[in-house]
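*Asks:* If it helps, the file is called target.tsv and holds TSV, C-alpha atoms and all ligand atoms:
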```tsv
chain	number	residue	atom	x	y	z
N	29	MET	CA	-8.43	23.33	-10.15
N	30	ASP	CA	-7.10	20.09	-11.65
N	31	GLN	CA	-4.04	20.38	-13.83
N	32	ASP	CA	-4.53	19.57	-17.50
N	33	ALA	CA	-3.68	15.84	-17.80
N	34	SER	CA	-1.88	16.09	-21.15
N	35	SER	CA	0.37	18.91	-19.92
N	36	VAL	CA	1.25	16.83	-16.82
N	37	THR	CA	2.15	13.88	-19.03
N	38	SER	CA	4.26	15.89	-21.43
N	39	ALA	CA	6.13	17.66	-18.60
N	40	LEU	CA	6.71	14.35	-16.86
N	41	ALA	CA	7.84	12.66	-20.08
N	42	LYS	CA	10.37	15.48	-20.52
N	43	LEU	CA	11.62	15.00	-16.96
N	44	VAL	CA	11.96	11.24	-17.48
N	45	ALA	CA	13.84	11.80	-20.74
N	46	GLN	CA	16.26	14.18	-18.94
N	47	GLN	CA	16.81	11.67	-16.13
N	48	VAL	CA	17.39	8.84	-18.62
N	49	GLU	CA	20.01	10.93	-20.38
N	50	ARG	CA	21.64	12.01	-17.12
N	51	ALA	CA	21.82	8.37	-16.00
N	52	GLY	CA	23.70	7.41	-19.19
N	53	GLY	CA	20.72	6.18	-21.23
N	54	TRP	CA	18.96	3.83	-18.81
N	55	LEU	CA	16.83	4.26	-15.68
N	56	PRO	CA	15.88	1.22	-13.59
N	57	PHE	CA	12.09	0.82	-13.41
N	58	ASP	CA	11.93	1.75	-9.72
N	59	ARG	CA	13.42	5.18	-10.52
N	60	TYR	CA	10.92	5.60	-13.35
N	61	MET	CA	8.02	4.55	-11.10
N	62	ALA	CA	9.19	6.99	-8.40
N	63	LEU	CA	9.09	9.83	-10.95
N	64	ALA	CA	5.75	8.77	-12.44
N	65	LEU	CA	4.13	8.65	-9.00
N	66	TYR	CA	6.01	11.18	-6.87
N	67	ALA	CA	7.91	13.76	-8.99
N	68	PRO	CA	7.04	17.07	-7.26
N	69	GLY	CA	3.93	18.65	-8.81
N	70	LEU	CA	3.79	16.15	-11.68
N	71	GLY	CA	3.81	12.57	-10.41
N	72	TYR	CA	0.44	10.87	-10.05
N	73	TYR	CA	0.38	11.27	-6.25
N	74	ALA	CA	1.94	14.73	-6.39
N	75	ASN	CA	-0.42	16.34	-8.93
N	76	THR	CA	-3.93	17.59	-8.30
N	77	SER	CA	-6.04	14.92	-10.05
N	78	ARG	CA	-8.84	13.42	-7.99
N	79	LYS	CA	-7.61	9.77	-7.73
N	80	PHE	CA	-9.85	8.15	-5.08
N	81	GLY	CA	-13.60	7.77	-5.43
N	82	ALA	CA	-16.39	5.30	-5.97
N	83	MET	CA	-17.29	6.10	-9.59
N	84	PRO	CA	-15.43	7.26	-12.72
N	85	ALA	CA	-17.95	10.12	-13.10
N	86	SER	CA	-16.32	11.87	-10.11
N	87	GLY	CA	-13.06	11.97	-12.09
N	88	SER	CA	-11.55	9.31	-9.83
N	89	ASP	CA	-9.38	6.37	-10.93
N	90	PHE	CA	-9.90	3.67	-8.33
N	91	VAL	CA	-11.70	2.94	-5.11
N	92	THR	CA	-10.10	1.83	-1.87
N	93	ALA	CA	-11.80	0.17	1.09
N	94	PRO	CA	-12.29	3.32	3.23
N	95	GLU	CA	-13.87	5.04	0.20
N	96	MET	CA	-16.33	2.18	-0.24
N	97	THR	CA	-17.89	2.26	3.20
N	98	PRO	CA	-17.25	3.87	6.60
N	99	LEU	CA	-17.82	0.40	8.07
N	100	PHE	CA	-14.27	-0.44	6.97
N	101	GLY	CA	-12.72	2.07	9.37
N	102	ALA	CA	-15.33	1.43	12.06
N	103	THR	CA	-14.39	-2.27	11.99
N	104	LEU	CA	-10.63	-1.70	11.83
N	105	ALA	CA	-11.15	0.59	14.84
N	106	VAL	CA	-11.97	-2.47	16.96
N	107	GLN	CA	-8.45	-3.78	16.34
N	108	VAL	CA	-6.83	-0.35	16.67
N	109	GLU	CA	-8.53	0.21	20.02
N	110	GLU	CA	-7.35	-3.17	21.31
N	111	ALA	CA	-3.80	-2.43	20.08
N	112	LEU	CA	-3.77	0.97	21.81
N	113	GLU	CA	-4.84	-0.70	25.06
N	114	GLN	CA	-2.43	-3.62	24.77
N	115	THR	CA	0.56	-1.44	23.98
N	116	GLY	CA	-0.31	1.34	26.43
N	117	THR	CA	-0.29	4.01	23.73
N	118	ARG	CA	-2.69	6.79	22.69
N	119	GLU	CA	-1.49	7.84	19.24
N	120	VAL	CA	-2.22	6.69	15.70
N	121	PHE	CA	0.14	7.17	12.76
N	122	GLU	CA	-1.31	6.72	9.27
N	123	PHE	CA	0.83	6.46	6.16
N	124	GLY	CA	-0.53	7.79	2.84
N	125	ALA	CA	-4.00	8.81	4.03
N	126	GLY	CA	-5.63	9.35	0.60
N	127	SER	CA	-8.76	11.47	0.90
N	128	GLY	CA	-8.65	11.27	4.71
N	129	ALA	CA	-11.57	8.81	4.81
N	130	LEU	CA	-9.90	6.20	7.03
N	131	ALA	CA	-8.65	8.85	9.46
N	132	MET	CA	-12.17	10.22	9.73
N	133	GLN	CA	-13.63	6.76	10.35
N	134	LEU	CA	-11.07	5.89	13.04
N	135	LEU	CA	-11.46	9.27	14.77
N	136	ASP	CA	-15.27	9.16	14.57
N	137	THR	CA	-15.28	5.68	16.12
N	138	LEU	CA	-12.55	6.05	18.74
N	139	GLY	CA	-12.95	9.74	19.61
N	140	LYS	CA	-10.82	10.78	22.58
N	141	ARG	CA	-9.18	7.37	22.84
N	142	ILE	CA	-6.88	8.72	20.12
N	143	ARG	CA	-4.91	11.57	21.69
N	144	ARG	CA	-3.11	12.46	18.49
N	145	TYR	CA	-3.48	11.31	14.88
N	146	THR	CA	-0.41	11.87	12.74
N	147	ILE	CA	-0.64	11.52	8.97
N	148	VAL	CA	2.58	10.87	7.09
N	149	GLU	CA	1.77	12.30	3.67
N	150	LEU	CA	4.17	12.73	0.75
N	151	SER	CA	1.69	14.60	-1.43
N	152	ALA	CA	1.02	18.32	-0.81
N	153	SER	CA	-2.28	18.20	-2.74
N	154	LEU	CA	-3.56	15.18	-0.78
N	155	ARG	CA	-2.52	16.82	2.49
N	156	GLU	CA	-4.62	19.84	1.56
N	157	ARG	CA	-7.60	17.62	0.78
N	158	GLN	CA	-7.16	15.75	4.08
N	159	GLN	CA	-6.89	19.02	6.02
N	160	GLN	CA	-10.27	20.10	4.65
N	161	ALA	CA	-11.87	16.73	5.36
N	162	LEU	CA	-10.50	16.52	8.91
N	163	ALA	CA	-10.89	20.17	9.95
N	164	LYS	CA	-13.38	19.34	12.70
N	165	TRP	CA	-10.68	17.42	14.60
N	166	GLY	CA	-8.51	20.55	14.87
N	167	ALA	CA	-5.07	20.14	16.38
N	168	ARG	CA	-5.66	16.48	17.25
N	169	VAL	CA	-4.64	15.68	13.65
N	170	GLN	CA	-1.19	16.65	12.49
N	171	TRP	CA	0.72	16.16	9.24
N	172	VAL	CA	4.34	15.31	8.61
N	173	SER	CA	6.03	14.70	5.28
N	174	GLU	CA	8.40	11.99	6.42
N	175	LEU	CA	8.55	9.12	8.82
N	176	PRO	CA	8.87	10.52	12.38
N	177	GLN	CA	12.18	9.74	14.12
N	178	LYS	CA	10.39	8.13	17.07
N	179	MET	CA	6.91	6.67	17.18
N	180	ALA	CA	4.88	5.28	20.09
N	181	GLY	CA	1.42	4.25	18.99
N	182	VAL	CA	-0.53	2.28	16.44
N	183	VAL	CA	0.59	2.56	12.81
N	184	VAL	CA	-1.87	1.95	9.97
N	185	GLY	CA	-1.33	1.88	6.21
N	186	ASN	CA	-4.03	0.95	3.73
N	187	GLU	CA	-2.79	0.29	0.19
N	188	VAL	CA	0.50	2.06	0.85
N	189	LEU	CA	3.03	-0.74	0.30
N	190	ASP	CA	1.65	-1.42	-3.21
N	191	ALA	CA	2.44	2.19	-4.18
N	192	MET	CA	6.16	1.86	-3.41
N	193	PRO	CA	8.46	1.65	-6.45
N	194	VAL	CA	9.57	-1.86	-7.48
N	195	LYS	CA	12.41	-3.23	-9.57
N	196	LEU	CA	11.56	-5.39	-12.57
N	197	LEU	CA	13.47	-8.60	-13.27
N	198	VAL	CA	13.10	-10.57	-16.49
N	199	ARG	CA	14.34	-14.06	-17.34
N	200	LYS	CA	14.83	-14.51	-21.08
N	201	ASP	CA	16.32	-17.66	-22.59
N	202	GLY	CA	17.50	-18.62	-19.10
N	203	ALA	CA	19.41	-15.35	-18.37
N	204	TRP	CA	18.29	-12.64	-15.93
N	205	TYR	CA	17.98	-8.96	-16.83
N	206	GLU	CA	16.81	-5.87	-14.99
N	207	ARG	CA	14.12	-4.08	-16.97
N	208	GLY	CA	14.34	-0.33	-17.15
N	209	VAL	CA	13.54	2.66	-19.30
N	210	GLY	CA	15.71	3.91	-22.15
N	211	PRO	CA	15.55	6.83	-24.62
N	212	GLY	CA	12.07	7.50	-26.00
N	213	ILE	CA	10.61	6.02	-22.78
N	214	ALA	CA	10.90	2.49	-24.13
N	215	TRP	CA	11.75	-0.74	-22.31
N	216	VAL	CA	15.42	-1.67	-22.19
N	217	ASP	CA	16.75	-4.76	-20.38
N	218	GLN	CA	20.24	-4.95	-18.93
N	219	PRO	CA	22.06	-8.03	-17.60
N	220	THR	CA	21.88	-8.20	-13.78
N	221	ASP	CA	23.07	-10.15	-10.77
N	222	LEU	CA	19.78	-9.39	-9.00
N	223	ARG	CA	17.45	-12.37	-8.49
N	224	PRO	CA	13.99	-12.97	-7.05
N	225	PRO	CA	14.14	-14.05	-3.37
N	226	ILE	CA	13.39	-17.67	-4.29
N	227	GLU	CA	14.34	-19.66	-7.34
N	228	ILE	CA	11.73	-19.69	-10.10
N	229	GLU	CA	11.22	-23.28	-11.17
N	230	GLY	CA	11.60	-23.99	-14.87
N	231	THR	CA	13.49	-22.25	-17.65
N	232	HIS	CA	10.58	-20.41	-19.31
N	233	ASP	CA	10.61	-16.64	-19.85
N	234	TYR	CA	9.48	-14.86	-16.71
N	235	LEU	CA	8.80	-11.28	-15.59
N	236	THR	CA	8.53	-10.36	-11.92
N	237	GLU	CA	9.27	-7.66	-9.35
N	238	ILE	CA	11.43	-7.27	-6.27
N	239	HIS	CA	10.63	-4.72	-3.55
N	240	PRO	CA	13.77	-3.16	-2.04
N	241	GLN	CA	12.00	0.14	-1.28
N	242	ALA	CA	9.06	-1.39	0.58
N	243	GLN	CA	11.48	-3.54	2.55
N	244	ALA	CA	13.69	-0.54	3.37
N	245	PHE	CA	10.55	1.33	4.48
N	246	MET	CA	9.68	-1.56	6.83
N	247	ARG	CA	13.20	-1.59	8.32
N	248	THR	CA	13.08	2.16	8.97
N	249	MET	CA	9.57	1.93	10.41
N	250	ALA	CA	10.69	-0.96	12.64
N	251	ASP	CA	13.68	1.07	13.88
N	252	ARG	CA	11.50	4.04	14.76
N	253	LEU	CA	8.50	2.31	16.32
N	254	GLN	CA	9.56	2.31	19.96
N	255	GLN	CA	6.31	1.09	21.43
N	256	GLY	CA	3.07	-0.03	19.79
N	257	ALA	CA	1.89	-2.02	16.81
N	258	ALA	CA	1.59	-1.63	13.04
N	259	PHE	CA	-1.13	-2.80	10.64
N	260	PHE	CA	-0.73	-2.89	6.86
N	261	LEU	CA	-3.64	-3.77	4.56
N	262	ASP	CA	-2.92	-4.45	0.93
N	263	TYR	CA	-3.18	-6.86	-1.97
N	264	GLY	CA	-0.48	-9.46	-2.29
N	265	PHE	CA	0.73	-12.94	-1.47
N	266	PRO	CA	3.41	-14.85	0.42
N	267	GLU	CA	6.56	-15.40	-1.67
N	268	ALA	CA	5.77	-18.99	-2.74
N	269	GLU	CA	2.64	-17.68	-4.43
N	270	TYR	CA	4.19	-14.42	-5.61
N	271	TYR	CA	7.08	-16.16	-7.36
N	272	HIS	CA	5.00	-19.10	-8.56
N	273	PRO	CA	6.33	-20.39	-11.91
N	274	GLN	CA	2.96	-19.69	-13.53
N	275	ARG	CA	2.85	-16.02	-12.44
N	276	SER	CA	5.16	-15.24	-15.36
N	277	THR	CA	4.03	-11.74	-16.32
N	278	GLY	CA	4.46	-10.02	-12.95
N	279	THR	CA	1.91	-7.96	-11.05
N	280	VAL	CA	2.53	-4.35	-12.14
N	281	MET	CA	-0.79	-2.74	-12.98
N	282	CYS	CA	-2.06	0.78	-13.73
N	283	HIS	CA	-5.42	2.30	-12.82
N	284	ARG	CA	-7.18	5.20	-14.50
N	285	GLY	CA	-10.90	5.99	-14.67
N	286	HIS	CA	-11.65	2.68	-12.87
N	287	LEU	CA	-10.01	0.70	-15.68
N	288	ALA	CA	-6.85	-1.37	-15.26
N	289	ASP	CA	-4.08	-1.51	-17.87
N	290	PRO	CA	-0.67	-3.16	-17.85
N	291	ASP	CA	1.43	-0.39	-19.49
N	292	PRO	CA	3.19	1.86	-16.95
N	293	LEU	CA	5.15	3.68	-19.67
N	294	ALA	CA	2.06	5.18	-21.31
N	295	SER	CA	0.65	8.47	-19.93
N	296	PRO	CA	2.93	8.83	-16.88
N	297	GLY	CA	1.40	11.04	-14.18
N	298	GLU	CA	-2.15	10.36	-15.34
N	299	LYS	CA	-2.56	6.99	-13.72
N	300	ASP	CA	-1.69	5.00	-10.66
N	301	ILE	CA	1.04	2.37	-10.97
N	302	THR	CA	1.08	-0.46	-8.43
N	303	ALA	CA	2.55	-3.87	-7.76
N	304	HIS	CA	1.29	-6.57	-5.43
N	305	VAL	CA	3.01	-6.91	-2.06
N	306	ASP	CA	5.39	-9.78	-1.29
N	307	PHE	CA	4.25	-10.27	2.32
N	308	THR	CA	7.06	-12.73	3.12
N	309	GLY	CA	9.62	-10.06	2.20
N	310	ILE	CA	7.76	-7.47	4.27
N	311	ALA	CA	7.64	-9.79	7.31
N	312	LEU	CA	11.34	-10.68	6.99
N	313	ALA	CA	12.43	-7.05	6.64
N	314	ALA	CA	10.51	-6.06	9.78
N	315	GLN	CA	11.60	-9.12	11.73
N	316	GLU	CA	15.27	-8.61	10.85
N	317	ALA	CA	14.89	-5.08	12.23
N	318	GLY	CA	13.49	-6.51	15.48
N	319	LEU	CA	9.76	-6.09	14.83
N	320	PRO	CA	7.95	-9.45	15.02
N	321	VAL	CA	4.75	-10.39	13.21
N	322	LEU	CA	1.58	-10.20	15.30
N	323	GLY	CA	-0.60	-11.82	12.66
N	324	TYR	CA	-1.24	-12.25	8.96
N	325	THR	CA	-4.56	-13.13	7.38
N	326	THR	CA	-6.98	-12.25	4.61
N	327	GLN	CA	-8.97	-9.02	4.80
N	328	ALA	CA	-12.15	-11.12	4.98
N	329	HIS	CA	-10.99	-13.07	8.04
N	330	PHE	CA	-9.64	-9.93	9.66
N	331	LEU	CA	-12.80	-7.86	9.25
N	332	ILE	CA	-15.09	-10.73	10.24
N	333	ASN	CA	-12.92	-11.39	13.33
N	334	CYS	CA	-13.30	-7.69	14.19
N	335	GLY	CA	-17.11	-7.91	14.03
N	336	LEU	CA	-18.05	-6.65	10.55
N	337	VAL	CA	-20.92	-9.11	10.21
N	338	GLN	CA	-22.53	-7.93	13.47
N	339	LYS	CA	-22.19	-4.31	12.32
N	340	LEU	CA	-24.07	-5.20	9.12
N	341	GLU	CA	-27.16	-6.30	11.06
N	342	HIS	CA	-28.11	-2.66	11.58
N	343	ALA	CA	-26.89	-1.39	8.20
N	344	SER	CA	-28.95	-0.28	5.20
N	345	LEU	CA	-29.04	-2.41	2.05
N	346	ALA	CA	-26.62	-0.03	0.29
N	347	GLU	CA	-24.17	-0.19	3.20
N	348	ARG	CA	-24.43	-3.96	3.30
N	349	THR	CA	-23.75	-4.25	-0.44
N	350	ALA	CA	-20.65	-2.05	-0.15
N	351	ALA	CA	-19.38	-3.91	2.90
N	352	GLN	CA	-19.89	-7.30	1.22
N	353	ARG	CA	-17.29	-6.28	-1.37
N	354	LEU	CA	-14.69	-6.01	1.39
N	355	ILE	CA	-15.09	-9.64	2.33
N	356	THR	CA	-16.30	-11.61	-0.68
N	357	GLU	CA	-13.64	-13.90	-2.05
N	358	HIS	CA	-13.78	-12.75	-5.69
N	359	GLU	CA	-13.60	-9.04	-4.75
N	360	MET	CA	-11.35	-7.86	-1.89
N	361	GLY	CA	-11.81	-10.60	0.69
N	362	GLU	CA	-9.08	-13.01	-0.38
N	363	ILE	CA	-6.54	-11.04	-2.44
N	364	PHE	CA	-6.27	-8.31	0.23
N	365	LYS	CA	-4.33	-9.28	3.33
N	366	VAL	CA	-3.68	-7.73	6.70
N	367	MET	CA	-0.24	-8.02	8.26
N	368	ALA	CA	0.50	-6.71	11.74
N	369	PHE	CA	3.61	-6.26	13.89
N	370	HIS	CA	4.11	-5.63	17.59
N	371	ARG	CA	6.72	-3.75	19.60
N	372	GLY	CA	6.31	-5.11	23.10
N	373	PRO	CA	4.72	-8.35	24.33
N	374	PHE	CA	2.75	-10.51	21.87
N	375	TRP	CA	-1.01	-10.70	22.43
N	376	ASP	CA	-3.72	-12.75	20.80
N	377	ALA	CA	-5.02	-9.93	18.57
N	378	VAL	CA	-8.73	-9.97	17.75
N	379	GLY	CA	-8.24	-9.60	13.98
N	380	PHE	CA	-6.20	-12.77	13.67
N	381	ARG	CA	-8.11	-15.04	16.05
N	382	ASN	CA	-9.56	-17.17	13.25
N	383	GLY	CA	-7.73	-17.89	10.03
N	384	ASP	CA	-4.23	-16.65	10.89
N	385	ARG	CA	-1.89	-17.52	8.01
N	386	THR	CA	1.48	-16.51	9.47
N	387	ALA	CA	2.71	-20.09	9.02
N	388	ARG	CA	2.21	-19.80	5.23
N	389	LEU	CA	4.65	-16.91	4.87
N	401	LIG	C1	-3.26	3.71	-3.25
N	401	LIG	S1	-3.00	5.15	-2.30
N	401	LIG	C2	-3.91	4.72	-0.84
N	401	LIG	C3	-4.50	5.89	-0.12
N	401	LIG	C4	-5.33	5.61	1.11
N	401	LIG	N1	-4.57	4.96	2.14
N	401	LIG	C5	-6.58	4.83	0.78
N	401	LIG	O1	-6.66	3.68	1.19
N	401	LIG	O2	-7.47	5.37	0.12
N	401	LIG	C6	-1.31	5.00	-1.82
N	401	LIG	C7	-0.77	6.13	-0.97
N	401	LIG	O3	0.47	5.73	-0.36
N	401	LIG	C8	1.29	6.86	-0.27
N	401	LIG	N2	2.69	6.48	0.00
N	401	LIG	C9	3.53	5.76	-0.77
N	401	LIG	N3	4.74	5.65	-0.19
N	401	LIG	C10	4.65	6.29	1.00
N	401	LIG	C11	5.56	6.52	2.08
N	401	LIG	N4	6.83	6.08	2.04
N	401	LIG	N5	5.13	7.22	3.15
N	401	LIG	C12	3.85	7.68	3.19
N	401	LIG	N6	2.95	7.50	2.20
N	401	LIG	C13	3.35	6.82	1.12
N	401	LIG	C14	1.06	7.54	-1.61
N	401	LIG	O4	1.47	8.89	-1.58
N	401	LIG	C15	-0.47	7.38	-1.75
N	401	LIG	O5	-1.13	8.47	-1.16
```
Would you give me this structure, written as structure tokens?
Ligand SMILES: C[S@@+](CC[C@H](N)C(=O)[O-])C[C@H]1O[C@@H](n2cnc3c(N)ncnc32)[C@H](O)[C@@H]1O
*Replies:*
Amino acid sequence: MDQDASSVTSALAKLVAQQVERAGGWLPFDRYMALALYAPGLGYYANTSRKFGAMPASGSDFVTAPEMTPLFGATLAVQVEEALEQTGTREVFEFGAGSGALAMQLLDTLGKRIRRYTIVELSASLRERQQQALAKWGARVQWVSELPQKMAGVVVGNEVLDAMPVKLLVRKDGAWYERGVGPGIAWVDQPTDLRPPIEIEGTHDYLTEIHPQAQAFMRTMADRLQQGAAFFLDYGFPEAEYYHPQRSTGTVMCHRGHLADPDPLASPGEKDITAHVDFTGIALAAQEAGLPVLGYTTQAHFLINCGLVQKLEHASLAERTAAQRLITEHEMGEIFKVMAFHRGPFWDAVGFRNGDRTARL
């Protein structure tokens, strides 16, 4: 049974208040975001609310590509299969598997070509939901709660990097501050030496994010991926676009009941909090850890390169409508990107054959 939302929020608000006090009156935003999303039993991804689904009536808050249509996973499977062959591996590792929909789609499409499917899941309640959804695959699917020490296989992560806590930086009257949370769960800015990775032209007031946790995650993943490839799908931009002078209010956004709002301090635990991905920073972190980029493109190019349009020829009208949303420019086609990495020799990967944008990073 779902926990009562208001009791989750009040328990989480109490926990945040304790942590603020313990930290001397100020918590950086990334620590707040980590609590709001991942505090055991209370954080948005750690509590029992429904989260993923197509419509608000199901009690869900947002929809992700694998929830929209099984054609997403069936198309990604074309690239995963090629990557398994090219890297001589037989295992898939998925980070943050949500309802288990993508795992199901990849396993349904690739069958025995995947010898083992490991889900790295931080949330006990999501793990339970995935175990029910994937029961028919038996022991072929396994769960771990942290990044395995050694991985040989194909790594996938859909909308995982955007859920990693970010730091907030604010420029006010030409001076930089780190934005955090003070007593009463209110914004408090403190002077900082931290800066965005590139200079922000102009002297106007500016709010943005930096992503030390996502970059640390990439470095650890790069260290542990001994053989194989990794594919991350998410919304975001290269750094020149991310830190564009006109993007002056940042990208942090919350999602509840299929509505977006910009206030992460209200109703913690009841809604998702995300930030766009700085794909240049992700590529640099992996590359510095010895994991080169295989390709980078829009979700539309990637899925079309992998044969989505051909798959639609035999699809029903409803399936076609759902799949169109994955690739149309004003929906997910342009803002969502796919970035891949390879451990082992480079190959001309099918998903990036047309429209590769690595040079824009
Ligand atoms: C927006 S949801 C996406 C879920 C699913 N992949 C989908 O597309 O429907 C983000 C997920 O990333 C997970 N996540 C965040 N950081 C993670 C990490 N370091 N390792 C594994 N999962 C992580 C969260 O727990 C959450 O389940």
*Asks:* Ligand LIG 401 (chain N): which residues are within 9 Å, counting all atoms listed in the file? Reply as JSON, numbers by chain.
*Replies:* {"N": [65, 66, 72, 73, 74, 79, 80, 81, 90, 91, 92, 93, 94, 95, 122, 123, 124, 125, 126, 127, 128, 129, 130, 147, 148, 149, 150, 151, 154, 173, 174, 175, 184, 185, 186, 187, 188, 189, 190, 191, 192, 193, 241, 242, 245, 261, 262, 300, 301, 302]}
*Asks:* Select, from N:Ala346, N:Met360, N:Val182, N:Ala314, the residue with the minimum atom-to-atom distance to Gly264 (chain N), counting only C-alpha atoms.
*Replies:*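 Checking each candidate against Gly264 (chain N), we get N:Met360 as the closest.
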*Asks:* Which residues, written as a ChimeraX atom specification, have at least one atom at most 10 Å from region 159-161 of chain N, with only C-alpha atoms counted and residues fewer than 2 positions away on the same chain left out?
*Replies:* /N:127-129,131-132,153-157,163-166,169-171
*Asks:* Hey, can you check how far CA of Phe100 (chain N) sits from CA of Ala328 (chain N)?
*Replies:* 11.1 Å
*Asks:* List every residue of region 212-327 of chain N that has an atom at most 12 Å from any atom of region 31-43 of chain N, giving for each one its closest atom pair and the distance in Å to one decimal, counting all atoms listed in the file, sorted by chain and then by ascending residue number, as CSV.
*Replies:*
```
residue,atom,partner,partner_atom,distance
N:Gly212,CA,N:Ala41,CA,8.9
N:Ile213,CA,N:Ala41,CA,7.7
N:Ala214,CA,N:Ala41,CA,11.4
N:Arg284,CA,N:Ala33,CA,11.7
N:Leu293,CA,N:Ala41,CA,9.4
N:Ala294,CA,N:Thr37,CA,9.0
N:Ser295,CA,N:Thr37,CA,5.7
N:Pro296,CA,N:Thr37,CA,5.5
N:Gly297,CA,N:Thr37,CA,5.7
N:Glu298,CA,N:Ala33,CA,6.2
N:Lys299,CA,N:Ala33,CA,9.8
```
*Asks:* Just C-alpha atoms for this one: save the residues we selected as an mmCIF file, keeping the file's coordinate frame.
*Replies:*
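Wrote selection_11.cif, looks like this:
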```cif
data_model
loop_
_atom_site.group_PDB
_atom_site.id
_atom_site.type_symbol
_atom_site.label_atom_id
_atom_site.label_comp_id
_atom_site.auth_asym_id
_atom_site.auth_seq_id
_atom_site.Cartn_x
_atom_site.Cartn_y
_atom_site.Cartn_z
ATOM 1 C CA GLY N 212 12.070 7.500 -26.000
ATOM 2 C CA ILE N 213 10.610 6.020 -22.780
ATOM 3 C CA ALA N 214 10.900 2.490 -24.130
ATOM 4 C CA ARG N 284 -7.180 5.200 -14.500
ATOM 5 C CA LEU N 293 5.150 3.680 -19.670
ATOM 6 C CA ALA N 294 2.060 5.180 -21.310
ATOM 7 C CA SER N 295 0.650 8.470 -19.930
ATOM 8 C CA PRO N 296 2.930 8.830 -16.880
ATOM 9 C CA GLY N 297 1.400 11.040 -14.180
ATOM 10 C CA GLU N 298 -2.150 10.360 -15.340
ATOM 11 C CA LYS N 299 -2.560 6.990 -13.720
#
```
*Asks:* Quick one: residues within 10 Å of Arg247 (chain N), all atoms listed in the file, excluding same-chain residues fewer than 6 positions away - as a list in words?
*Replies:*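 Once the nearby chain positions are removed, what remains is Gln241, Ile310, Ala311, Leu312, Ala313, Ala314, Gln315, Glu316, Ala317, Gly318 and Leu319 of chain N.
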*Asks:* Can you check which parts of region 205-224 of chain N lie within 8 Å of region 53-56 of chain N? Per residue, the shortest pair of atoms and distance in Å to one decimal, counting only C-alpha atoms, sorted by chain and number, as CSV.
*Replies:*
```
residue,atom,partner,partner_atom,distance
N:Glu206,CA,N:Pro56,CA,7.3
N:Arg207,CA,N:Pro56,CA,6.5
N:Gly208,CA,N:Pro56,CA,4.2
N:Val209,CA,N:Leu55,CA,5.1
N:Gly210,CA,N:Trp54,CA,4.7
N:Pro211,CA,N:Gly53,CA,6.2
N:Val216,CA,N:Trp54,CA,7.4
```
*Asks:* So, with all atoms listed in the file as the atoms that count, which of N:Arg118, N:Gln352, N:Ala377, N:Asp89 lies closest to Ser77 (chain N)?
*Replies:*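 Closest candidate: N:Asp89.
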*Asks:* Just how far from CA of Ile238 (chain N) is CA of Trp204 (chain N), in Å to one decimal?
*Replies:*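 Computing the Euclidean distance for CA of Trp204 (chain N) and CA of Ile238 (chain N) yields 13.0 Å.
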*Asks:* I'd like the box whose edges run along x, y and z of the file and which contains every listed atom of region 368-382 of chain N, padded by 6 Å per side; could you state its centre and edge lengths in Å, one decimal, as lines of an AutoDock Vina configuration file?
*Replies:*
```
center_x = -1.4
center_y = -10.5
center_z = 18.0
size_x = 28.3
size_y = 25.4
size_z = 24.6
```
*Asks:* Which residues are close to Leu331 (chain N), i.e. within 8 Å by all atoms listed in the file, leaving aside same-chain residues fewer than 4 positions away? Reply as a PyMOL selection string.
*Replies:* chain N and resi 100+103-104+327+335-336+355+379
*Asks:* Grab the residues selected above and save them as a PDB file, in the coordinates of the input with C-alpha atoms.
*Replies:*
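Contents of selection24.pdb, as written:
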```
ATOM      1  CA  PHE N 100     -14.270  -0.440   6.970  1.00  0.00           C
ATOM      2  CA  THR N 103     -14.390  -2.270  11.990  1.00  0.00           C
ATOM      3  CA  LEU N 104     -10.630  -1.700  11.830  1.00  0.00           C
ATOM      4  CA  GLN N 327      -8.970  -9.020   4.800  1.00  0.00           C
ATOM      5  CA  GLY N 335     -17.110  -7.910  14.030  1.00  0.00           C
ATOM      6  CA  LEU N 336     -18.050  -6.650  10.550  1.00  0.00           C
ATOM      7  CA  ILE N 355     -15.090  -9.640   2.330  1.00  0.00           C
ATOM      8  CA  GLY N 379      -8.240  -9.600  13.980  1.00  0.00           C
TER       9      GLY N 379
END
```
*Asks:* Which value, in Å to one decimal, gives the distance between CA of Gly323 (chain N) and CA of Tyr271 (chain N)?
*Replies:* 21.9 Å
*Asks:* Go through N:Ala268, N:Lys365, N:Phe307, N:Pro224 and flag the residue nearest Gln243 (chain N), using all atoms listed in the file for the distances.
*Replies:*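 Looking at the shortest contact to Gln243 (chain N), the residue is N:Phe307.
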*Asks:* Can you pull out the residues contacting Leu138 (chain N)? Cut-off 9 Å, using all atoms listed in the file, and skip same-chain residues under 5 positions away; I want them as a PyMOL selection string.
*Replies:* chain N and resi 102+105-106+108-109+133
*Asks:* Using only C-alpha atoms, which of the listed residues (N:Ile142, N:His272, N:Thr137, N:Leu322) sits closest to Thr386 (chain N)?
*Replies:*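 Closest to Thr386 (chain N), using only C-alpha atoms: N:Leu322.
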*Asks:* Have a look at N:Thr117, N:Thr248, N:Thr231, N:Gln338 and name the one nearest to Gln177 (chain N); count only C-alpha atoms.
*Replies:*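 Nearest candidate to Gln177 (chain N) out of N:Thr117, N:Thr248, N:Thr231, N:Gln338: N:Thr248.
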